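J.: One file: final.cif (mmCIF, C-alpha atoms).
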data_entry
loop_
_atom_site.label_atom_id
_atom_site.label_comp_id
_atom_site.auth_asym_id
_atom_site.auth_seq_id
_atom_site.Cartn_x
_atom_site.Cartn_y
_atom_site.Cartn_z
CA MET K 1 100.93 51.53 217.42
CA ALA K 2 103.56 52.23 214.76
CA ARG K 3 106.65 54.02 216.01
CA PHE K 4 108.84 56.45 214.05
CA VAL K 5 112.50 55.63 214.75
CA GLY K 6 114.39 58.23 212.77
CA GLY K 7 115.31 59.83 209.49
CA VAL K 8 118.23 59.55 207.10
CA GLY K 9 119.19 61.98 204.35
CA THR K 10 121.51 60.59 201.68
CA SER K 11 122.52 61.26 198.10
CA HIS K 12 121.65 58.49 195.67
CA VAL K 13 124.41 58.73 193.03
CA PRO K 14 124.21 55.78 190.57
CA SER K 15 127.98 55.24 190.49
CA ILE K 16 127.87 54.49 194.24
CA GLY K 17 125.58 51.58 193.41
CA ALA K 18 127.95 50.47 190.66
CA ALA K 19 130.90 50.64 193.10
CA ILE K 20 129.04 48.35 195.50
CA ASP K 21 127.85 45.99 192.77
CA HIS K 22 131.35 45.66 191.30
CA GLY K 23 133.23 45.29 194.59
CA LYS K 24 135.07 48.63 194.38
CA THR K 25 134.19 50.06 197.78
CA GLN K 26 137.75 49.62 199.11
CA GLU K 27 139.43 51.27 196.12
CA PRO K 28 141.12 54.62 196.89
CA TYR K 29 138.48 56.61 195.00
CA TRP K 30 135.57 55.13 196.96
CA LYS K 31 136.96 54.09 200.34
CA PRO K 32 136.62 57.52 202.02
CA LEU K 33 132.96 57.65 201.07
CA PHE K 34 132.12 54.17 202.32
CA ASP K 35 134.09 54.74 205.52
CA GLY K 36 132.01 57.85 206.11
CA VAL K 37 128.77 55.93 205.64
CA GLN K 38 129.59 53.13 208.09
CA ALA K 39 128.10 54.94 211.11
CA ALA K 40 124.74 55.15 209.31
CA ARG K 41 124.87 51.41 208.62
CA ASP K 42 125.60 50.77 212.28
CA TRP K 43 122.67 52.97 213.28
CA MET K 44 120.32 51.12 210.91
CA ASP K 45 121.52 47.82 212.28
CA GLU K 46 120.76 49.04 215.79
CA VAL K 47 117.28 50.51 215.23
CA LYS K 48 116.19 47.76 212.80
CA PRO K 49 113.14 49.41 211.23
CA ASP K 50 110.40 47.07 210.00
CA VAL K 51 109.56 49.47 207.18
CA VAL K 52 111.49 52.25 205.47
CA ILE K 53 109.62 54.88 203.50
CA VAL K 54 112.07 55.93 200.79
CA VAL K 55 111.53 59.41 199.40
CA TYR K 56 113.27 59.46 196.03
CA ASN K 57 112.85 60.48 192.45
CA ASP K 58 112.46 58.36 189.38
CA HIS K 59 114.98 59.20 186.61
CA ALA K 60 112.92 58.60 183.47
CA SER K 61 112.64 54.94 184.46
CA ARG K 62 109.15 53.98 185.68
CA PHE K 63 107.69 57.27 184.52
CA GLY K 64 108.26 58.89 181.13
CA LEU K 65 107.05 62.27 179.99
CA ASP K 66 103.61 60.81 179.25
CA VAL K 67 102.69 61.16 182.92
CA THR K 68 104.54 62.98 185.71
CA PRO K 69 103.08 62.53 189.17
CA THR K 70 104.21 65.17 191.64
CA PHE K 71 103.99 62.78 194.61
CA ALA K 72 103.40 59.04 194.12
CA ILE K 73 103.25 56.20 196.63
CA GLY K 74 103.82 52.57 195.66
CA VAL K 75 101.12 50.24 196.97
CA ALA K 76 102.40 47.02 195.36
CA ASP K 77 103.54 43.82 197.10
CA GLU K 78 106.94 44.19 195.51
CA PHE K 79 109.08 46.60 193.55
CA PRO K 80 111.70 45.10 191.20
CA PRO K 81 114.87 47.02 190.28
CA HIS K 82 114.54 48.86 186.95
CA ASP K 83 116.85 48.20 183.99
CA GLU K 84 118.51 51.59 183.47
CA GLY K 85 120.44 50.46 180.42
CA TYR K 86 123.04 48.22 182.07
CA GLY K 87 120.59 45.48 183.08
CA PRO K 88 118.82 45.72 186.46
CA ARG K 89 121.14 46.21 189.45
CA PRO K 90 121.91 42.88 191.19
CA VAL K 91 119.90 43.84 194.27
CA PRO K 92 116.89 42.16 195.87
CA THR K 93 113.37 43.02 194.80
CA CYS K 94 111.89 45.30 197.47
CA LEU K 95 108.97 43.84 199.35
CA GLY K 96 106.27 46.45 199.89
CA ASP K 97 103.82 46.98 202.71
CA PRO K 98 100.49 47.57 200.97
CA ALA K 99 98.51 47.87 204.20
CA LEU K 100 100.69 50.68 205.50
CA ALA K 101 100.96 52.27 202.05
CA TRP K 102 97.16 52.49 201.76
CA HIS K 103 96.91 53.79 205.32
CA LEU K 104 99.42 56.54 204.47
CA ILE K 105 97.46 57.46 201.36
CA GLU K 106 94.11 57.58 203.17
CA SER K 107 95.57 59.70 205.93
CA LEU K 108 97.31 62.08 203.52
CA VAL K 109 94.32 62.51 201.23
CA LEU K 110 91.42 62.46 203.71
CA ASN K 111 92.97 64.09 206.77
CA ASP K 112 95.56 66.40 205.26
CA GLU K 113 94.19 67.04 201.76
CA ILE K 114 97.48 66.08 200.13
CA ASP K 115 96.39 64.23 197.01
CA VAL K 116 99.01 61.69 196.07
CA THR K 117 99.16 59.38 193.06
CA MET K 118 98.68 55.69 193.83
CA VAL K 119 100.93 53.32 191.90
CA GLY K 120 100.05 49.64 191.67
CA GLU K 121 103.00 48.52 189.55
CA MET K 122 106.36 50.11 189.95
CA SER K 123 109.95 49.28 189.16
CA VAL K 124 112.45 51.30 191.18
CA ASP K 125 115.68 52.83 189.88
CA HIS K 126 118.97 53.89 191.49
CA GLY K 127 117.19 56.72 193.28
CA LEU K 128 115.68 54.15 195.63
CA THR K 129 118.07 51.21 195.45
CA VAL K 130 121.37 53.07 196.03
CA PRO K 131 120.30 54.36 199.47
CA LEU K 132 119.26 50.82 200.42
CA SER K 133 122.63 49.45 199.29
CA LEU K 134 124.44 52.19 201.22
CA LEU K 135 122.54 51.45 204.42
CA PHE K 136 122.15 47.67 204.21
CA GLY K 137 125.04 46.44 202.04
CA GLN K 138 124.45 43.40 199.85
CA PRO K 139 121.99 41.08 201.63
CA GLN K 140 120.05 38.34 199.84
CA GLN K 141 116.86 40.06 200.95
CA TRP K 142 116.44 43.63 202.23
CA PRO K 143 116.02 43.44 206.03
CA CYS K 144 112.82 45.53 206.00
CA ARG K 145 109.82 46.33 203.89
CA VAL K 146 110.00 49.33 201.57
CA ILE K 147 107.41 51.92 200.60
CA PRO K 148 108.50 54.07 197.64
CA LEU K 149 107.46 57.73 197.83
CA CYS K 150 108.38 59.14 194.45
CA VAL K 151 108.68 62.90 193.93
CA ASN K 152 108.90 64.83 190.67
CA VAL K 153 112.10 66.83 190.80
CA ILE K 154 112.88 66.69 187.07
CA GLN K 155 109.99 68.49 185.36
CA TYR K 156 109.58 72.15 186.29
CA PRO K 157 107.50 73.11 188.25
CA GLN K 158 108.66 70.77 190.98
CA PRO K 159 106.80 70.95 194.31
CA THR K 160 108.05 73.74 196.55
CA ALA K 161 110.38 73.10 199.46
CA LEU K 162 107.57 74.13 201.81
CA ARG K 163 105.16 71.66 200.22
CA CYS K 164 107.70 68.88 200.72
CA PHE K 165 108.10 69.80 204.38
CA LYS K 166 104.32 69.84 204.89
CA LEU K 167 104.02 66.45 203.20
CA GLY K 168 106.57 65.19 205.70
CA GLN K 169 104.53 66.55 208.60
CA ALA K 170 101.40 64.86 207.24
CA LEU K 171 103.34 61.65 206.66
CA ARG K 172 104.32 61.62 210.33
CA ARG K 173 100.70 62.04 211.42
CA ALA K 174 99.87 59.09 209.19
CA ILE K 175 102.65 56.93 210.65
CA ASP K 176 101.66 57.80 214.22
CA SER K 177 98.05 56.82 213.59
CA TYR K 178 98.85 53.35 212.23
CA GLY K 179 97.70 50.56 214.51
CA PRO K 180 100.21 47.72 214.04
CA ASP K 181 103.21 47.75 216.36
CA ILE K 182 106.00 48.35 213.85
CA LYS K 183 109.07 50.57 213.58
CA VAL K 184 109.21 52.99 210.66
CA ALA K 185 112.13 55.05 209.34
CA VAL K 186 112.00 57.69 206.59
CA LEU K 187 114.81 58.18 204.09
CA GLY K 188 115.08 61.47 202.20
CA THR K 189 117.35 60.99 199.21
CA GLY K 190 118.99 62.92 196.36
CA GLY K 191 121.37 65.85 196.12
CA MET K 192 123.66 67.26 197.18
CA SER K 193 124.99 69.89 194.76
CA HIS K 194 125.44 68.60 191.24
CA GLN K 195 124.71 69.57 187.68
CA LEU K 196 124.78 66.90 185.00
CA GLN K 197 123.75 69.04 182.05
CA GLY K 198 124.88 71.98 179.97
CA GLU K 199 128.02 74.08 179.89
CA ARG K 200 127.93 74.33 183.69
CA ALA K 201 128.08 70.52 184.13
CA GLY K 202 130.20 69.45 187.09
CA LEU K 203 129.12 72.29 189.37
CA ILE K 204 129.70 71.64 193.08
CA ASN K 205 128.91 74.13 195.86
CA ALA K 206 130.33 72.78 199.11
CA PRO K 207 129.60 75.88 201.26
CA TYR K 208 125.96 75.79 200.20
CA ASP K 209 125.70 72.05 200.88
CA ASN K 210 127.21 72.44 204.33
CA GLN K 211 124.81 75.26 205.13
CA TRP K 212 121.98 72.88 204.17
CA LEU K 213 123.36 70.17 206.43
CA ASP K 214 123.52 72.70 209.29
CA ASP K 215 120.00 73.98 208.68
CA MET K 216 118.48 70.53 208.21
CA VAL K 217 119.38 69.91 211.83
CA ARG K 218 118.72 73.23 213.54
CA ASP K 219 116.59 75.44 211.29
CA PRO K 220 114.69 73.45 208.65
CA LEU K 221 112.02 76.14 208.34
CA SER K 222 114.60 78.46 206.78
CA LEU K 223 115.08 75.84 204.05
CA THR K 224 111.35 75.71 203.30
CA ARG K 225 111.51 79.36 202.17
CA ILE K 226 114.09 78.71 199.45
CA GLY K 227 112.75 79.05 195.90
CA HIS K 228 113.60 76.92 192.90
CA THR K 229 115.78 79.52 191.18
CA GLU K 230 118.11 79.68 194.17
CA LEU K 231 118.35 75.89 194.28
CA LEU K 232 118.94 75.57 190.53
CA ARG K 233 121.60 78.25 190.69
CA GLU K 234 123.38 77.32 193.92
CA ALA K 235 122.94 73.53 194.13
CA GLY K 236 122.88 72.92 190.36
CA SER K 237 120.05 71.90 188.07
CA GLU K 238 119.99 68.33 189.43
CA GLY K 239 120.93 69.40 192.96
CA LEU K 240 117.38 70.68 193.37
CA GLU K 241 116.64 67.07 194.38
CA ILE K 242 117.65 68.09 197.88
CA ILE K 243 114.06 69.30 198.51
CA MET K 244 113.21 65.63 199.07
CA TRP K 245 115.22 65.67 202.30
CA LEU K 246 112.64 68.12 203.64
CA ILE K 247 109.96 65.44 203.48
CA MET K 248 112.07 63.37 205.86
CA ARG K 249 112.77 66.40 208.07
CA GLY K 250 109.10 67.41 208.10
CA ALA K 251 108.31 63.97 209.52
CA MET K 252 110.53 64.67 212.53
CA SER K 253 110.17 66.66 215.73
CA GLU K 254 111.02 70.36 215.75
CA THR K 255 114.35 69.71 217.42
CA VAL K 256 116.35 66.65 216.48
CA ARG K 257 119.40 64.80 217.69
CA LEU K 258 122.24 64.54 215.19
CA ILE K 259 123.49 60.95 215.12
CA HIS K 260 125.81 61.21 212.14
CA ARG K 261 126.84 63.73 209.50
CA PHE K 262 129.16 63.17 206.56
CA TYR K 263 130.06 65.06 203.39
CA HIS K 264 132.35 64.05 200.56
CA VAL K 265 133.30 65.32 197.09
CA PRO K 266 133.23 63.81 194.54
CA ALA K 267 131.04 60.82 193.91
CA SER K 268 131.25 60.84 190.12
CA ASN K 269 129.78 64.27 189.20
CA THR K 270 128.07 64.81 192.55
CA ALA K 271 128.64 65.96 196.11
CA TYR K 272 127.71 63.20 198.56
CA GLY K 273 125.91 64.17 201.78
CA LEU K 274 124.58 62.09 204.68
CA LEU K 275 122.60 62.86 207.83
CA VAL K 276 121.20 60.48 210.42
CA LEU K 277 118.69 62.10 212.77
CA GLU K 278 116.47 61.05 215.65
CA ASP K 279 113.60 62.85 217.34
CA THR K 280 114.45 64.46 220.65
CA MET B 1 104.09 84.93 196.64
CA MET B 2 106.30 84.01 193.74
CA ASN B 3 104.46 84.30 190.45
CA ALA B 4 105.20 82.08 187.52
CA THR B 5 106.43 84.83 185.21
CA ASN B 6 108.89 86.29 187.68
CA ALA B 7 110.03 82.77 188.49
CA ARG B 8 111.58 82.55 185.02
CA ASP B 9 114.60 84.32 186.44
CA TYR B 10 116.14 80.83 186.31
CA ARG B 11 116.91 81.72 182.70
CA GLN B 12 119.66 83.94 184.05
CA ILE B 13 121.61 80.89 185.22
CA PRO B 14 124.37 80.28 182.68
CA GLY B 15 124.89 76.98 180.86
CA THR B 16 121.72 75.51 182.38
CA TYR B 17 118.64 74.29 180.50
CA VAL B 18 115.75 74.21 182.94
CA PHE B 19 113.24 71.58 181.92
CA ASP B 20 110.08 73.67 182.12
CA GLY B 21 106.85 73.26 180.21
CA ALA B 22 108.06 75.04 177.06
CA HIS B 23 111.24 72.96 177.06
CA CYS B 24 109.28 69.74 177.59
CA GLN B 25 106.94 70.64 174.73
CA LYS B 26 109.83 71.33 172.38
CA GLY B 27 111.72 68.17 173.29
CA TYR B 28 108.88 65.74 173.80
CA ALA B 29 109.55 63.54 170.74
CA LEU B 30 113.32 63.74 171.23
CA ASN B 31 113.08 62.62 174.84
CA MET B 32 110.59 59.89 174.08
CA PHE B 33 112.91 58.57 171.36
CA CYS B 34 115.61 58.35 174.04
CA LYS B 35 113.14 56.67 176.40
CA SER B 36 112.39 54.04 173.75
CA LEU B 37 116.00 52.85 174.10
CA ASP B 38 114.98 51.31 177.44
CA LEU B 39 113.98 48.23 175.43
CA GLU B 40 116.59 45.93 173.88
CA ARG B 41 114.56 45.37 170.73
CA ASN B 42 114.50 49.13 170.14
CA ARG B 43 118.21 49.42 170.80
CA ALA B 44 118.79 46.68 168.23
CA ALA B 45 116.62 48.48 165.67
CA PHE B 46 118.37 51.80 166.31
CA ARG B 47 121.78 50.09 166.06
CA ALA B 48 120.86 48.44 162.76
CA ASP B 49 119.44 51.54 161.07
CA SER B 50 119.59 54.77 163.06
CA PRO B 51 118.05 57.15 160.48
CA GLY B 52 115.31 54.61 159.72
CA TYR B 53 114.52 54.09 163.40
CA LEU B 54 114.33 57.85 164.01
CA LYS B 55 111.53 58.08 161.44
CA ASN B 56 109.26 56.54 164.10
CA PHE B 57 109.50 59.80 166.06
CA LYS B 58 108.34 63.28 165.12
CA LEU B 59 111.76 64.90 165.39
CA SER B 60 112.70 68.18 163.72
CA ASP B 61 115.61 68.03 161.27
CA GLU B 62 117.78 69.77 163.84
CA GLN B 63 116.88 67.23 166.51
CA ARG B 64 117.51 64.33 164.15
CA ASN B 65 120.93 65.70 163.23
CA ALA B 66 121.81 66.36 166.86
CA VAL B 67 121.04 62.71 167.67
CA LEU B 68 122.99 61.33 164.73
CA ASP B 69 125.95 63.67 165.46
CA ARG B 70 125.75 62.95 169.22
CA ASP B 71 125.76 66.69 169.81
CA TRP B 72 124.84 66.55 173.50
CA LEU B 73 124.59 70.30 173.95
CA ALA B 74 122.44 70.74 170.85
CA MET B 75 120.08 68.05 172.14
CA LEU B 76 119.64 70.02 175.37
CA ARG B 77 119.03 73.25 173.48
CA LEU B 78 116.43 71.51 171.34
CA GLY B 79 114.40 70.40 174.34
CA GLY B 80 116.32 67.38 175.53
CA ASN B 81 116.46 66.45 179.19
CA ILE B 82 119.70 64.99 180.50
CA TYR B 83 118.04 61.93 182.07
CA TYR B 84 116.61 61.08 178.66
CA THR B 85 119.58 62.02 176.47
CA PHE B 86 121.80 60.07 178.86
CA LYS B 87 120.00 56.92 177.74
CA LEU B 88 121.56 57.52 174.33
CA ALA B 89 124.95 57.97 176.03
CA ILE B 90 124.49 54.64 177.84
CA PHE B 91 123.62 53.11 174.47
CA ASP B 92 127.00 54.39 173.23
CA GLY B 93 128.79 53.02 176.31
CA LEU B 94 129.63 56.51 177.61
CA THR B 95 129.67 57.70 181.22
CA MET B 96 128.16 60.88 182.62
CA GLN B 97 131.68 62.28 182.72
CA HIS B 98 132.12 61.83 178.97
CA VAL B 99 128.89 63.69 178.41
CA GLY B 100 129.73 66.31 181.03
CA ALA B 101 133.06 66.98 179.33
CA ALA B 102 131.45 67.17 175.89
CA MET B 103 128.90 69.73 177.11
CA SER B 104 131.39 71.90 179.00
CA ALA B 105 131.76 75.49 177.88
CA ASN B 106 135.50 75.30 177.51
CA GLY B 107 135.73 72.11 175.44
CA MET B 108 137.17 69.85 178.13
CA SER B 109 138.59 66.39 177.66
CA VAL B 110 137.17 63.58 179.81
CA ASP B 111 140.40 63.51 181.81
CA ASP B 112 140.19 67.27 182.40
CA PHE B 113 136.59 66.84 183.55
CA ARG B 114 137.50 64.01 185.95
CA GLU B 115 140.39 66.08 187.26
CA MET B 116 138.04 69.02 187.83
CA MET B 117 135.68 66.79 189.84
CA MET B 118 138.57 65.40 191.90
CA SER B 119 139.59 68.96 192.72
CA GLY B 120 136.17 69.85 194.09
CA GLY B 121 134.09 70.32 190.94
CA ARG B 122 133.25 73.35 188.85
CA PRO B 123 133.26 76.28 191.27
CA ILE B 124 130.10 78.24 191.97
CA ASN B 125 131.94 81.56 192.01
CA GLY B 126 131.78 83.11 188.56
CA ASN B 127 129.11 80.62 187.45
CA ARG B 128 125.93 82.11 188.92
CA SER B 129 124.67 84.39 186.15
CA VAL B 130 124.87 84.89 182.41
CA GLU B 131 126.16 88.36 183.20
CA GLU B 132 129.22 86.92 184.94
CA TRP B 133 129.85 84.77 181.86
CA SER B 134 129.47 87.61 179.39
CA HIS B 135 132.08 89.59 181.32
CA GLY B 136 134.38 86.67 180.78
#
Could the structure of this file be written out as structure tokens, please?

T.:
Amino acid sequence: MARFVGGVGTSHVPSIGAAIDHGKTQEPYWKPLFDGVQAARDWMDEVKPDVVIVVYNDHASRFGLDVTPTFAIGVADEFPPHDEGYGPRPVPTCLGDPALAWHLIESLVLNDEIDVTMVGEMSVDHGLTVPLSLLFGQPQQWPCRVIPLCVNVIQYPQPTALRCFKLGQALRRAIDSYGPDIKVAVLGTGGMSHQLQGERAGLINAPYDNQWLDDMVRDPLSLTRIGHTELLREAGSEGLEIIMWLIMRGAMSETVRLIHRFYHVPASNTAYGLLVLEDT
Amino acid sequence: MMNATNARDYRQIPGTYVFDGAHCQKGYALNMFCKSLDLERNRAAFRADSPGYLKNFKLSDEQRNAVLDRDWLAMLRLGGNIYYTFKLAIFDGLTMQHVGAAMSANGMSVDDFREMMMSGGRPINGNRSVEEWSHG
């Protein structure tokens, strides 16, 4: 049977990807961040998942305003990096796992009545590729298969924090019921506090972020009760992305073991946060 | 349970344009113009003749002027979404920090904006409600 090996929460700031792609990780601006991420890389290298399910959001790349799926799972054989205006990032095309992806969808829809959008062709933007680069560096081929789980966090109304957590719980039931003997990790990405738009651009709220990091570990249910207005106000209009971490946390046991925690400001206009968790 | 009308209390957050249904409706053509810049042939057409290219989209006069003037804040107010309008900034070779500085309430330079980020970002205290802003 498939085995869940752990969860990672990480921001997916595009400039982190650019720093990796352009060999700037040892420059003074970036070095503290990459030093703080190393323990997560070591953990990944140790657990060696066969598949990572990456919970992320698309930034007007694959999806435009013509259709906005709330939750979408990629069922393709492969997912190429999207050209976000600078040419596609020089990263490998992700190889998918269609058999597992379809199993997840059947389990979510038929057993848990969570109706997800099925996507047969999908390019993936920095929201998905930056976490992979952070955790795996610059290999010729990603060391595991990738299933994109794309969440709408741009168009209001976004799914609630509670809905994200429940999706995570259902996702775990789906993973646990998969026959093949593979190891699966879940990455929740996005956040932490940042606001890219408007007169309040540049907002960072470190106390709020650190409270989130605390509660992700020991009291995630308290986070599921937070409404969108609080998130928009306290974490910033784009910081609301942090609800995607709750999908990862929902997939985990009630109590978890903290493997690694790191927080750093700034990464461009954003607060960077990282958690590595295992079931107890 | 939260109801949708009460939930609009997000409008009390200062300097923040929440991309809700009404906003999406207002900015649909503007954002889809920005989205069209994903393709090199469209970027070339826009570069060659910006006003002519914009005629392909049902923009209001205000939206058209905001695009041509690169008035980033006006684009947001007219229904723009930052992930879409940022495609226009990428077209211009600008970073998110250029755009962040240009949108800032207090008319910041890019260097000021970078410096603010290096010092921990724009603080949350004093920036939670329009009321705090109106009291200066």

J.: Could you write out as a list in words the residues of chain B within 6 Å of chain K, counting all atoms listed in the file?

T.: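 In the required form, that comes to Tyr10, Gly15, Thr16, Phe19, Asp20, Ile82, Gly100, Met103, Ser104, Ala105, Gly121, Arg122 and Ile124 of chain B.
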
J.: What's the 7 Å shell around stretch 59-71 of chain B, counting all atoms listed in the file, without same-chain residues fewer than 5 positions away, as a ChimeraX atom specification?

T.: /B:29-30,78

J.: At what distance in Å, to one decimal, does atom CA of K:Arg89 lie from atom CA of K:Gly7?

T.: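 Going from atom CA of K:Gly7 over to atom CA of K:Arg89 covers 24.9 Å.
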
J.: With distances taken over only C-alpha atoms, which residue among B:Met96, B:Arg114, B:Arg11, B:Phe57 lies nearest B:Tyr83?

T.: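 Residue with the minimum atom-to-atom distance to B:Tyr83: B:Met96.
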
J.: Do you have, as a Markdown table, the list of residues of stretch 197-258 of chain K lying at most 12 Å from stretch 138-149 of chain K, each with its nearest atom pair and that distance in Å to one decimal, counting all atoms listed in the file and ordered by chain then number?

T.:
| residue | atom | partner | partner_atom | distance |
| --- | --- | --- | --- | --- |
| K:Met244 | CA | K:Leu149 | CA | 9.8 |
| K:Trp245 | CA | K:Leu149 | CA | 12.0 |
| K:Ile247 | CA | K:Leu149 | CA | 9.9 |
| K:Met248 | CA | K:Leu149 | CA | 10.8 |

J.: What does the distance from atom CA of K:Val91 to atom CA of K:Ser123 come to in Å, to one decimal?

T.: 12.4 Å

J.: Rounded to one decimal, what separation in Å do you get between atom CA of K:Ile105 and atom CA of K:Val153?

T.: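 Those two atoms sit 20.3 Å apart.
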
J.: K:Val13: which residues within 10 Å, counting only C-alpha atoms, same-chain residues fewer than 2 positions away excluded, as a VMD selection string?

T.: chain K and resid 10 to 11 15 to 18 126 to 127 130 to 131 189 to 192 267 to 272

J.: Choose the residue, out of B:Leu88, B:Leu76, B:Met108, B:Leu94, that has the smallest atom-to-atom separation from B:Lys26; count all atoms listed in the file.

T.: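 Nearest to B:Lys26: B:Leu76.
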
J.: Could you expand the PyMOL selection byres ((chain K and resi 42-44) around 10) into the explicit residues it covers here, written as a list in words?

T.: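 Selection result, ordered by chain and number: Val5, Gly6, Val8, Val37, Gln38, Ala39, Ala40, Arg41, Asp45, Glu46, Val47, Lys48, Pro49, Leu135, Phe136, Ala185, Ile259, His260, Val276 and Leu277 of chain K.
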
J.: For K:Gly36, please output as a ChimeraX atom specification all residues within 9 Å (counting all atoms listed in the file; exclusion window: fewer than 6 positions along the same chain).

T.: /K:261-264,274

J.: Could I get stretch 178-241 of chain K from the block written as a PDB file, in the first residue's frame, with C-alpha atoms?

T.:
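The file below, result-v1.pdb, is the result:
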ATOM      1  CA  TYR K 178      -3.883   3.324  -2.910  1.00  0.00           C
ATOM      2  CA  GLY K 179      -2.596  -0.168  -3.617  1.00  0.00           C
ATOM      3  CA  PRO K 180       0.911   0.278  -5.051  1.00  0.00           C
ATOM      4  CA  ASP K 181       3.757   0.318  -2.538  1.00  0.00           C
ATOM      5  CA  ILE K 182       4.972   3.896  -2.955  1.00  0.00           C
ATOM      6  CA  LYS K 183       5.970   6.772  -0.675  1.00  0.00           C
ATOM      7  CA  VAL K 184       3.971   9.987  -0.975  1.00  0.00           C
ATOM      8  CA  ALA K 185       4.708  13.452   0.443  1.00  0.00           C
ATOM      9  CA  VAL K 186       2.414  16.491   0.332  1.00  0.00           C
ATOM     10  CA  LEU K 187       3.712  20.026  -0.142  1.00  0.00           C
ATOM     11  CA  GLY K 188       1.545  22.967   0.886  1.00  0.00           C
ATOM     12  CA  THR K 189       2.888  26.115  -0.739  1.00  0.00           C
ATOM     13  CA  GLY K 190       2.353  29.888  -0.842  1.00  0.00           C
ATOM     14  CA  GLY K 191       2.410  32.686   1.713  1.00  0.00           C
ATOM     15  CA  MET K 192       3.596  33.828   4.091  1.00  0.00           C
ATOM     16  CA  SER K 193       2.510  37.436   4.645  1.00  0.00           C
ATOM     17  CA  HIS K 194       2.801  39.595   1.556  1.00  0.00           C
ATOM     18  CA  GLN K 195       0.839  42.126  -0.412  1.00  0.00           C
ATOM     19  CA  LEU K 196       1.855  42.858  -3.981  1.00  0.00           C
ATOM     20  CA  GLN K 197      -0.894  45.321  -4.847  1.00  0.00           C
ATOM     21  CA  GLY K 198      -2.238  48.724  -3.908  1.00  0.00           C
ATOM     22  CA  GLU K 199      -1.071  51.456  -1.577  1.00  0.00           C
ATOM     23  CA  ARG K 200      -0.412  48.842   1.115  1.00  0.00           C
ATOM     24  CA  ALA K 201       2.065  46.914  -1.098  1.00  0.00           C
ATOM     25  CA  GLY K 202       5.017  45.521   0.830  1.00  0.00           C
ATOM     26  CA  LEU K 203       3.037  44.586   3.931  1.00  0.00           C
ATOM     27  CA  ILE K 204       4.727  42.001   6.163  1.00  0.00           C
ATOM     28  CA  ASN K 205       3.285  40.724   9.460  1.00  0.00           C
ATOM     29  CA  ALA K 206       5.932  38.618  11.177  1.00  0.00           C
ATOM     30  CA  PRO K 207       4.042  38.085  14.475  1.00  0.00           C
ATOM     31  CA  TYR K 208       1.029  36.783  12.568  1.00  0.00           C
ATOM     32  CA  ASP K 209       3.205  34.491  10.424  1.00  0.00           C
ATOM     33  CA  ASN K 210       4.937  33.066  13.477  1.00  0.00           C
ATOM     34  CA  GLN K 211       1.600  32.439  15.167  1.00  0.00           C
ATOM     35  CA  TRP K 212       0.596  30.491  12.030  1.00  0.00           C
ATOM     36  CA  LEU K 213       3.791  28.446  12.161  1.00  0.00           C
ATOM     37  CA  ASP K 214       3.075  27.656  15.830  1.00  0.00           C
ATOM     38  CA  ASP K 215      -0.542  26.709  15.185  1.00  0.00           C
ATOM     39  CA  MET K 216       0.218  24.662  12.077  1.00  0.00           C
ATOM     40  CA  VAL K 217       2.111  22.338  14.365  1.00  0.00           C
ATOM     41  CA  ARG K 218       0.043  22.246  17.543  1.00  0.00           C
ATOM     42  CA  ASP K 219      -3.432  23.647  16.852  1.00  0.00           C
ATOM     43  CA  PRO K 220      -4.339  23.566  13.149  1.00  0.00           C
ATOM     44  CA  LEU K 221      -8.064  23.507  13.917  1.00  0.00           C
ATOM     45  CA  SER K 222      -7.796  27.067  15.235  1.00  0.00           C
ATOM     46  CA  LEU K 223      -6.513  28.088  11.793  1.00  0.00           C
ATOM     47  CA  THR K 224      -9.491  26.495  10.036  1.00  0.00           C
ATOM     48  CA  ARG K 225     -11.789  29.003  11.773  1.00  0.00           C
ATOM     49  CA  ILE K 226     -10.040  32.053  10.320  1.00  0.00           C
ATOM     50  CA  GLY K 227     -12.101  33.969   7.749  1.00  0.00           C
ATOM     51  CA  HIS K 228     -10.878  35.598   4.568  1.00  0.00           C
ATOM     52  CA  THR K 229     -11.125  39.175   5.841  1.00  0.00           C
ATOM     53  CA  GLU K 230      -8.725  38.432   8.680  1.00  0.00           C
ATOM     54  CA  LEU K 231      -6.282  36.791   6.278  1.00  0.00           C
ATOM     55  CA  LEU K 232      -6.496  39.613   3.735  1.00  0.00           C
ATOM     56  CA  ARG K 233      -5.992  42.171   6.473  1.00  0.00           C
ATOM     57  CA  GLU K 234      -3.320  40.461   8.579  1.00  0.00           C
ATOM     58  CA  ALA K 235      -1.373  38.384   6.033  1.00  0.00           C
ATOM     59  CA  GLY K 236      -1.934  40.724   3.066  1.00  0.00           C
ATOM     60  CA  SER K 237      -4.045  40.319  -0.038  1.00  0.00           C
ATOM     61  CA  GLU K 238      -1.668  37.734  -1.541  1.00  0.00           C
ATOM     62  CA  GLY K 239      -0.758  36.247   1.847  1.00  0.00           C
ATOM     63  CA  LEU K 240      -4.164  34.567   1.862  1.00  0.00           C
ATOM     64  CA  GLU K 241      -2.373  31.837  -0.111  1.00  0.00           C
TER      65      GLU K 241
END
